[in-house]
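Chemist: Please read through the structure below; I'll follow up with questions.
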Amino acid sequence: MAYSVLAGAEPFAFDGGDVGVLLLHGFTGSPQGLRPWGEALRDAGFTVRCPRLPGHGTHWHDLAARRAPEMVAASEQALDELAERCGRVVVGALSFGGALALHLAATRPGKVRGLVTVNPWLFSKDRRLLLLPLLKLLVASAPGVGSDLADSEAKELAYEHVPLRTLASLRTFQRGVRAALPRVTQPLLCFVSRQDHVVVPGNTELVATRAGSSDVRVVWLERSYHVATLDLERSTIFDDSVEFFRRVTSSP
C-alpha cells in the first residue's frame with residue numbers, strides 16, 4: 001500500500017557553498033524535526049540535504065514493513081549524492097540518525113569530515129526490550145516516544161506507535177555500530193540533554209569514550225529534552241555546529 005507523506009515531513013534540500021551537510025532524523029520522526037537546524041545551516045552558507053528515511057513521515061504501518069538495512073542504504077545514498085556535489089561533507093544527526101551517521105563515518109571515512117550528534121541512540125536500558133524477540137511476534141507495536149520536548153510551544157511530527165519488528169531490526173544494526181565506534185576517527189561534537197525521556201545520556205558518553213577520534217567535545221544541554229533540535233537550546237546546537245563544521249572543513 002502506498003502512503004502519502006504528511007505535511008511538513010517532506011525531505012528538504014538547500015543549495016549553498018562547497019561544504020555539504022547531511023542531516024539525519026530519528027526513528028519514527030521525520031525531517032520536520034531537523035528543518036530549523038537545516039535552515040540555520042543554509043543561512044550560514046552550507047549546502048544542506050535531509051532525506052526522509054524509508055517508512056517515515058507517512059503512517060506507522062509503512063514503517064512496520066521496513067527494516068534497518070533500508071534506512072542504512074538511504075543514508076549511504078544521500079551521502080554519496082551530496083559528496084558528488086560538494087568537495088567537503090559533514091553530518092549532523094538526531095537520535096537514531098546518530099547511529100546512521102556513525103556508521104557512515106566508520107564505513108566511508110573519506111567522505112565524512114566531521115560529525116555532530118544530538119542525543120544519539122545506540123542502546124537502551126529498558127529491560128522490557130529483553131522480551132522484544134518474543135513480543136515482536138505477539139504485538140505489532142508499542143506506544144510512541146516522539147515529541148519529547150521541554151518547550152510547550154514546540155511539537156515534533158512523529159508516530160504515535162513504534163512497530164516492534166522494525167525496532168528489533170534497528171537494535172541488530174546498533175550492535176554493529178557500537179562495535180565499529182573505534183573506527184570513527186573524525187572530529188565529533190556531541191550534544192546531550194541532561195533530561196531525556198527517550199534515550200539515556202550514556203549513549204553520548206559511549207560515543208565520546210569509544211570513538212577513535214582525538215577531537216571530541218561534549219556539550220550538555222540543561223533545559224532541553226530528547227528532540228533538542230526543536231527545543232529550548234536549539235540555538236546553541238545551531239550556532240555551535242556552524243562553527244564546528246566550518247572548522248573541520250577549513251583545511252583541504
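In the C-alpha cells, each chain is lettered A, B, ... as it comes, each chain's residues begin at 1, and ligands are numbered from 1 in order of appearance.
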For the interface of stretch 77-186 of chain A with stretch 221-230 of chain A (cut-off 12 Å, counting only C-alpha atoms), please tabulate each contacting residue of stretch 77-186 of chain A alongside its nearest pair of atoms and their separation in Å to one decimal, rows sorted by chain and increasing number, as CSV.
Modeler:
residue,atom,partner,partner_atom,distance
A:Gly92,CA,A:Thr229,CA,10.6
A:Ala93,CA,A:Thr229,CA,9.5
A:Leu94,CA,A:Val227,CA,7.5
A:Ser95,CA,A:His226,CA,7.9
A:Phe96,CA,A:His226,CA,11.4
A:Gly97,CA,A:Val227,CA,11.9
A:Val116,CA,A:Thr229,CA,11.7
A:Thr117,CA,A:Thr229,CA,10.6
A:Val118,CA,A:Ala228,CA,7.1
A:Asn119,CA,A:His226,CA,6.5
A:Pro120,CA,A:His226,CA,9.4
A:Trp121,CA,A:His226,CA,10.3
A:Val145,CA,A:His226,CA,9.7
A:Gly146,CA,A:Val227,CA,8.1
A:Ser147,CA,A:Val227,CA,6.6
A:Asp148,CA,A:His226,CA,5.4
A:Leu149,CA,A:Tyr225,CA,5.0
A:Ala150,CA,A:Ser224,CA,5.6
A:Asp151,CA,A:Ser224,CA,7.7
A:Ser152,CA,A:Leu230,CA,10.7
A:Glu153,CA,A:Leu230,CA,9.9
A:Ala154,CA,A:Leu230,CA,6.6
A:Lys155,CA,A:Leu230,CA,7.7
A:Glu156,CA,A:Leu230,CA,7.6
A:Leu157,CA,A:Val227,CA,10.7
A:Ala158,CA,A:Val227,CA,10.8
Chemist: As a list in words, please: the residues near A:Thr249 (cut-off 9 Å, only C-alpha atoms, same-chain neighbours under 6 positions excluded).
Modeler: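 So, after excluding close chain neighbours, the residues are Val19, Arg88, Val89, Val90, Arg113 and Gly114 of chain A.
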Chemist: Can I get the selected residues back with N, CA and C atoms, as an mmCIF file, in the first residue's frame?
Modeler:
data_model
loop_
_atom_site.group_PDB
_atom_site.id
_atom_site.type_symbol
_atom_site.label_atom_id
_atom_site.label_comp_id
_atom_site.auth_asym_id
_atom_site.auth_seq_id
_atom_site.Cartn_x
_atom_site.Cartn_y
_atom_site.Cartn_z
ATOM 1 N N VAL A 19 30.706 23.228 0.945
ATOM 2 C CA VAL A 19 30.622 22.350 2.115
ATOM 3 C C VAL A 19 29.184 21.858 2.240
ATOM 4 N N ARG A 88 33.541 18.899 0.272
ATOM 5 C CA ARG A 88 33.707 18.576 1.688
ATOM 6 C C ARG A 88 32.331 18.348 2.300
ATOM 7 N N VAL A 89 32.188 17.240 3.050
ATOM 8 C CA VAL A 89 30.882 16.862 3.590
ATOM 9 C C VAL A 89 30.997 16.546 5.075
ATOM 10 N N VAL A 90 30.017 17.002 5.826
ATOM 11 C CA VAL A 90 29.910 16.703 7.251
ATOM 12 C C VAL A 90 28.492 16.199 7.507
ATOM 13 N N ARG A 113 33.889 14.494 6.922
ATOM 14 C CA ARG A 113 34.924 15.292 7.587
ATOM 15 C C ARG A 113 34.693 15.427 9.091
ATOM 16 N N GLY A 114 33.443 15.362 9.523
ATOM 17 C CA GLY A 114 33.137 15.533 10.943
ATOM 18 C C GLY A 114 31.685 15.232 11.221
#
Chemist: Find the residues around A:Val5 up to 9 Å (only C-alpha atoms counted), leave out those fewer than 6 positions away in its own chain, and share them as a compact mmCIF listing (two decimals) with N, CA and C atoms, in the first residue's frame.
Modeler:
# COMPACT_ATOMS: atom_id res chain seq x y z
N HIS A 56 9.13 6.58 7.06
CA HIS A 56 8.91 7.69 7.99
C HIS A 56 8.09 8.81 7.34
N GLY A 57 7.42 9.59 8.20
CA GLY A 57 6.67 10.73 7.73
C GLY A 57 5.43 10.38 6.94
N THR A 58 4.91 9.17 7.11
CA THR A 58 3.70 8.74 6.39
C THR A 58 2.70 8.17 7.40
N HIS A 59 2.82 6.87 7.66
CA HIS A 59 1.97 6.16 8.62
C HIS A 59 2.80 5.07 9.25
Chemist: Using atom CA of A:Leu82 and atom CA of A:Ala211 as the two end points, give the distance in Å to one decimal.
Modeler: 24.3 Å
Chemist: Among stretch 113-159 of chain A, which residues does DSSP mark as strand (DSSP E or B) when it is run on the backbone? Keep the chain and numbering as in the structure and answer as a ChimeraX atom specification.
Modeler: /A:115-118,141-143
Chemist: Please list as a PDB file with C-alpha atoms, in the first residue's frame every residue within 10 Å of A:Ala65, counting only C-alpha atoms and excluding residues in the same chain fewer than 3 positions away.
Modeler:
ATOM      1  CA  PRO A  54      12.121   4.864   4.427  1.00  0.00           C
ATOM      2  CA  GLY A  55       8.829   4.332   6.220  1.00  0.00           C
ATOM      3  CA  TRP A  60       3.410   3.813  11.201  1.00  0.00           C
ATOM      4  CA  HIS A  61       2.127   0.852   9.190  1.00  0.00           C
ATOM      5  CA  ASP A  62       4.514   1.972   6.459  1.00  0.00           C
ATOM      6  CA  PRO A 163       6.484  -1.032  15.211  1.00  0.00           C
ATOM      7  CA  ARG A 165       9.642  -5.834  14.280  1.00  0.00           C
ATOM      8  CA  THR A 166      11.252  -2.734  12.840  1.00  0.00           C
TER       9      THR A 166
END
Chemist: Residues of stretch 78-203 of chain A in helix (DSSP H, G or I) according to DSSP, as a PyMOL selection string?
Modeler: chain A and resi 78-85+96-107+127-138+164-183+202-203
Chemist: Those same residues, written as a short mmCIF file (atom, residue, chain, number, x, y, z; two decimals), in the first residue's frame with N, CA and C atoms?
Modeler:
data_model
loop_
_atom_site.label_atom_id
_atom_site.label_comp_id
_atom_site.auth_asym_id
_atom_site.auth_seq_id
_atom_site.Cartn_x
_atom_site.Cartn_y
_atom_site.Cartn_z
N ALA A 78 22.27 9.10 0.22
CA ALA A 78 22.23 10.55 0.41
C ALA A 78 23.64 11.12 0.57
N LEU A 79 24.49 10.40 1.30
CA LEU A 79 25.87 10.85 1.46
C LEU A 79 26.61 10.83 0.14
N ASP A 80 26.47 9.76 -0.62
CA ASP A 80 27.16 9.66 -1.90
C ASP A 80 26.73 10.77 -2.85
N GLU A 81 25.43 11.06 -2.89
CA GLU A 81 24.94 12.12 -3.78
C GLU A 81 25.44 13.49 -3.35
N LEU A 82 25.49 13.73 -2.05
CA LEU A 82 25.98 15.02 -1.56
C LEU A 82 27.47 15.16 -1.83
N ALA A 83 28.21 14.07 -1.68
CA ALA A 83 29.66 14.10 -1.92
C ALA A 83 29.98 14.35 -3.39
N GLU A 84 29.07 13.98 -4.28
CA GLU A 84 29.27 14.26 -5.70
C GLU A 84 29.14 15.75 -5.99
N ARG A 85 28.32 16.43 -5.19
CA ARG A 85 28.11 17.86 -5.42
C ARG A 85 29.09 18.73 -4.66
N PHE A 96 18.30 8.15 16.46
CA PHE A 96 18.76 7.04 15.63
C PHE A 96 19.55 7.52 14.42
N GLY A 97 19.28 8.74 13.99
CA GLY A 97 20.10 9.29 12.93
C GLY A 97 21.57 9.32 13.31
N GLY A 98 21.85 9.43 14.63
CA GLY A 98 23.22 9.40 15.10
C GLY A 98 23.88 8.07 14.85
N ALA A 99 23.13 6.98 14.99
CA ALA A 99 23.68 5.65 14.69
C ALA A 99 24.02 5.55 13.21
N LEU A 100 23.13 6.06 12.37
CA LEU A 100 23.40 6.06 10.94
C LEU A 100 24.62 6.91 10.60
N ALA A 101 24.72 8.07 11.24
CA ALA A 101 25.85 8.96 10.98
C ALA A 101 27.17 8.31 11.38
N LEU A 102 27.19 7.66 12.52
CA LEU A 102 28.41 6.99 12.98
C LEU A 102 28.77 5.84 12.06
N HIS A 103 27.77 5.15 11.54
CA HIS A 103 28.03 4.08 10.56
C HIS A 103 28.68 4.67 9.31
N LEU A 104 28.17 5.81 8.84
CA LEU A 104 28.76 6.43 7.66
C LEU A 104 30.20 6.85 7.90
N ALA A 105 30.45 7.40 9.09
CA ALA A 105 31.82 7.83 9.41
C ALA A 105 32.77 6.65 9.46
N ALA A 106 32.30 5.53 9.98
CA ALA A 106 33.15 4.34 10.12
C ALA A 106 33.39 3.65 8.79
N THR A 107 32.39 3.64 7.91
CA THR A 107 32.49 2.87 6.67
C THR A 107 32.86 3.71 5.45
N ARG A 127 14.58 -2.67 30.30
CA ARG A 127 14.66 -4.12 30.43
C ARG A 127 13.53 -4.84 29.70
N ARG A 128 12.47 -4.12 29.39
CA ARG A 128 11.38 -4.75 28.63
C ARG A 128 11.83 -5.18 27.25
N LEU A 129 12.88 -4.53 26.74
CA LEU A 129 13.36 -4.89 25.41
C LEU A 129 14.03 -6.26 25.38
N LEU A 130 14.33 -6.80 26.55
CA LEU A 130 14.85 -8.16 26.59
C LEU A 130 13.82 -9.15 26.06
N LEU A 131 12.56 -8.76 26.14
CA LEU A 131 11.46 -9.62 25.66
C LEU A 131 11.10 -9.33 24.21
N LEU A 132 11.81 -8.40 23.59
CA LEU A 132 11.46 -7.99 22.24
C LEU A 132 11.43 -9.15 21.23
N PRO A 133 12.37 -10.10 21.27
CA PRO A 133 12.30 -11.21 20.30
C PRO A 133 10.98 -11.96 20.35
N LEU A 134 10.37 -12.03 21.54
CA LEU A 134 9.06 -12.68 21.67
C LEU A 134 7.93 -11.70 21.41
N LEU A 135 8.04 -10.50 21.97
CA LEU A 135 6.96 -9.52 21.84
C LEU A 135 6.68 -9.16 20.39
N LYS A 136 7.72 -9.09 19.58
CA LYS A 136 7.51 -8.69 18.19
C LYS A 136 6.67 -9.69 17.41
N LEU A 137 6.60 -10.93 17.93
CA LEU A 137 5.79 -11.96 17.29
C LEU A 137 4.34 -11.91 17.76
N LEU A 138 4.11 -11.26 18.89
CA LEU A 138 2.79 -11.25 19.51
C LEU A 138 2.08 -9.91 19.40
N LEU A 164 7.26 -3.00 16.39
CA LEU A 164 8.26 -3.77 17.14
C LEU A 164 9.20 -4.57 16.25
N ARG A 165 8.73 -5.08 15.15
CA ARG A 165 9.64 -5.83 14.28
C ARG A 165 10.70 -4.91 13.67
N THR A 166 10.29 -3.71 13.35
CA THR A 166 11.25 -2.73 12.84
C THR A 166 12.24 -2.35 13.93
N LEU A 167 11.73 -2.15 15.14
CA LEU A 167 12.60 -1.83 16.27
C LEU A 167 13.64 -2.92 16.49
N ALA A 168 13.23 -4.17 16.38
CA ALA A 168 14.17 -5.29 16.56
C ALA A 168 15.29 -5.24 15.52
N SER A 169 14.94 -4.87 14.30
CA SER A 169 15.97 -4.80 13.25
C SER A 169 16.95 -3.65 13.52
N LEU A 170 16.44 -2.56 14.08
CA LEU A 170 17.32 -1.44 14.41
C LEU A 170 18.31 -1.83 15.50
N ARG A 171 17.84 -2.58 16.47
CA ARG A 171 18.73 -2.98 17.57
C ARG A 171 19.87 -3.87 17.07
N THR A 172 19.60 -4.70 16.08
CA THR A 172 20.66 -5.51 15.48
C THR A 172 21.70 -4.62 14.81
N PHE A 173 21.22 -3.63 14.08
CA PHE A 173 22.13 -2.68 13.42
C PHE A 173 22.94 -1.91 14.44
N GLN A 174 22.32 -1.49 15.52
CA GLN A 174 23.01 -0.71 16.54
C GLN A 174 24.16 -1.48 17.17
N ARG A 175 24.02 -2.76 17.32
CA ARG A 175 25.13 -3.56 17.87
C ARG A 175 26.36 -3.45 16.98
N GLY A 176 26.15 -3.48 15.69
CA GLY A 176 27.27 -3.32 14.77
C GLY A 176 27.89 -1.94 14.84
N VAL A 177 27.08 -0.92 15.02
CA VAL A 177 27.60 0.44 15.13
C VAL A 177 28.43 0.58 16.40
N ARG A 178 27.96 0.03 17.50
CA ARG A 178 28.73 0.11 18.75
C ARG A 178 30.10 -0.55 18.58
N ALA A 179 30.14 -1.67 17.89
CA ALA A 179 31.40 -2.37 17.67
C ALA A 179 32.34 -1.58 16.77
N ALA A 180 31.77 -0.76 15.89
CA ALA A 180 32.57 -0.01 14.92
C ALA A 180 33.03 1.34 15.42
N LEU A 181 32.65 1.74 16.62
CA LEU A 181 32.99 3.08 17.12
C LEU A 181 34.49 3.38 17.08
N PRO A 182 35.38 2.44 17.39
CA PRO A 182 36.81 2.78 17.30
C PRO A 182 37.26 3.18 15.91
N ARG A 183 36.47 2.85 14.89
CA ARG A 183 36.82 3.21 13.51
C ARG A 183 36.35 4.62 13.15
N GLY A 202 23.93 8.03 28.66
CA GLY A 202 25.04 7.10 28.48
C GLY A 202 25.34 6.79 27.03
N ASN A 203 24.36 7.00 26.14
CA ASN A 203 24.62 6.80 24.71
C ASN A 203 25.69 7.76 24.21
#
Chemist: Taking only C-alpha atoms into account, name the residue in A:Pro69, A:Pro51, A:Gly38, A:Gly110 that is nearest to A:Pro11.
Modeler: A:Pro51
Chemist: Enter the distance from atom CA of A:Arg52 to atom CA of A:Glu205, in Å, rounded to one decimal.
Modeler: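 Atom CA of A:Arg52 sits 27.4 Å away from atom CA of A:Glu205.
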Chemist: Separation of atom CA of A:Gln32 and atom CA of A:Pro109, in Å?
Modeler: 27.7 Å
Chemist: Using only C-alpha atoms, find the one residue out of A:Ala142, A:Leu232, A:Leu189, A:Val198 that sits nearest to A:Val216.
Modeler: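 Residue with the minimum atom-to-atom distance to A:Val216: A:Leu189.
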Chemist: For A:Leu22, work out the shell of residues within 6 Å, counting only C-alpha atoms and skipping chain neighbours fewer than 2 positions away, then give it as a short mmCIF file (atom, residue, chain, number, x, y, z; two decimals) with C-alpha atoms, in the first residue's frame.
Modeler:
data_model
loop_
_atom_site.label_atom_id
_atom_site.label_comp_id
_atom_site.auth_asym_id
_atom_site.auth_seq_id
_atom_site.Cartn_x
_atom_site.Cartn_y
_atom_site.Cartn_z
CA ARG A 49 20.36 17.73 2.46
CA CYS A 50 17.92 15.97 4.78
CA VAL A 91 26.98 15.02 9.01
#
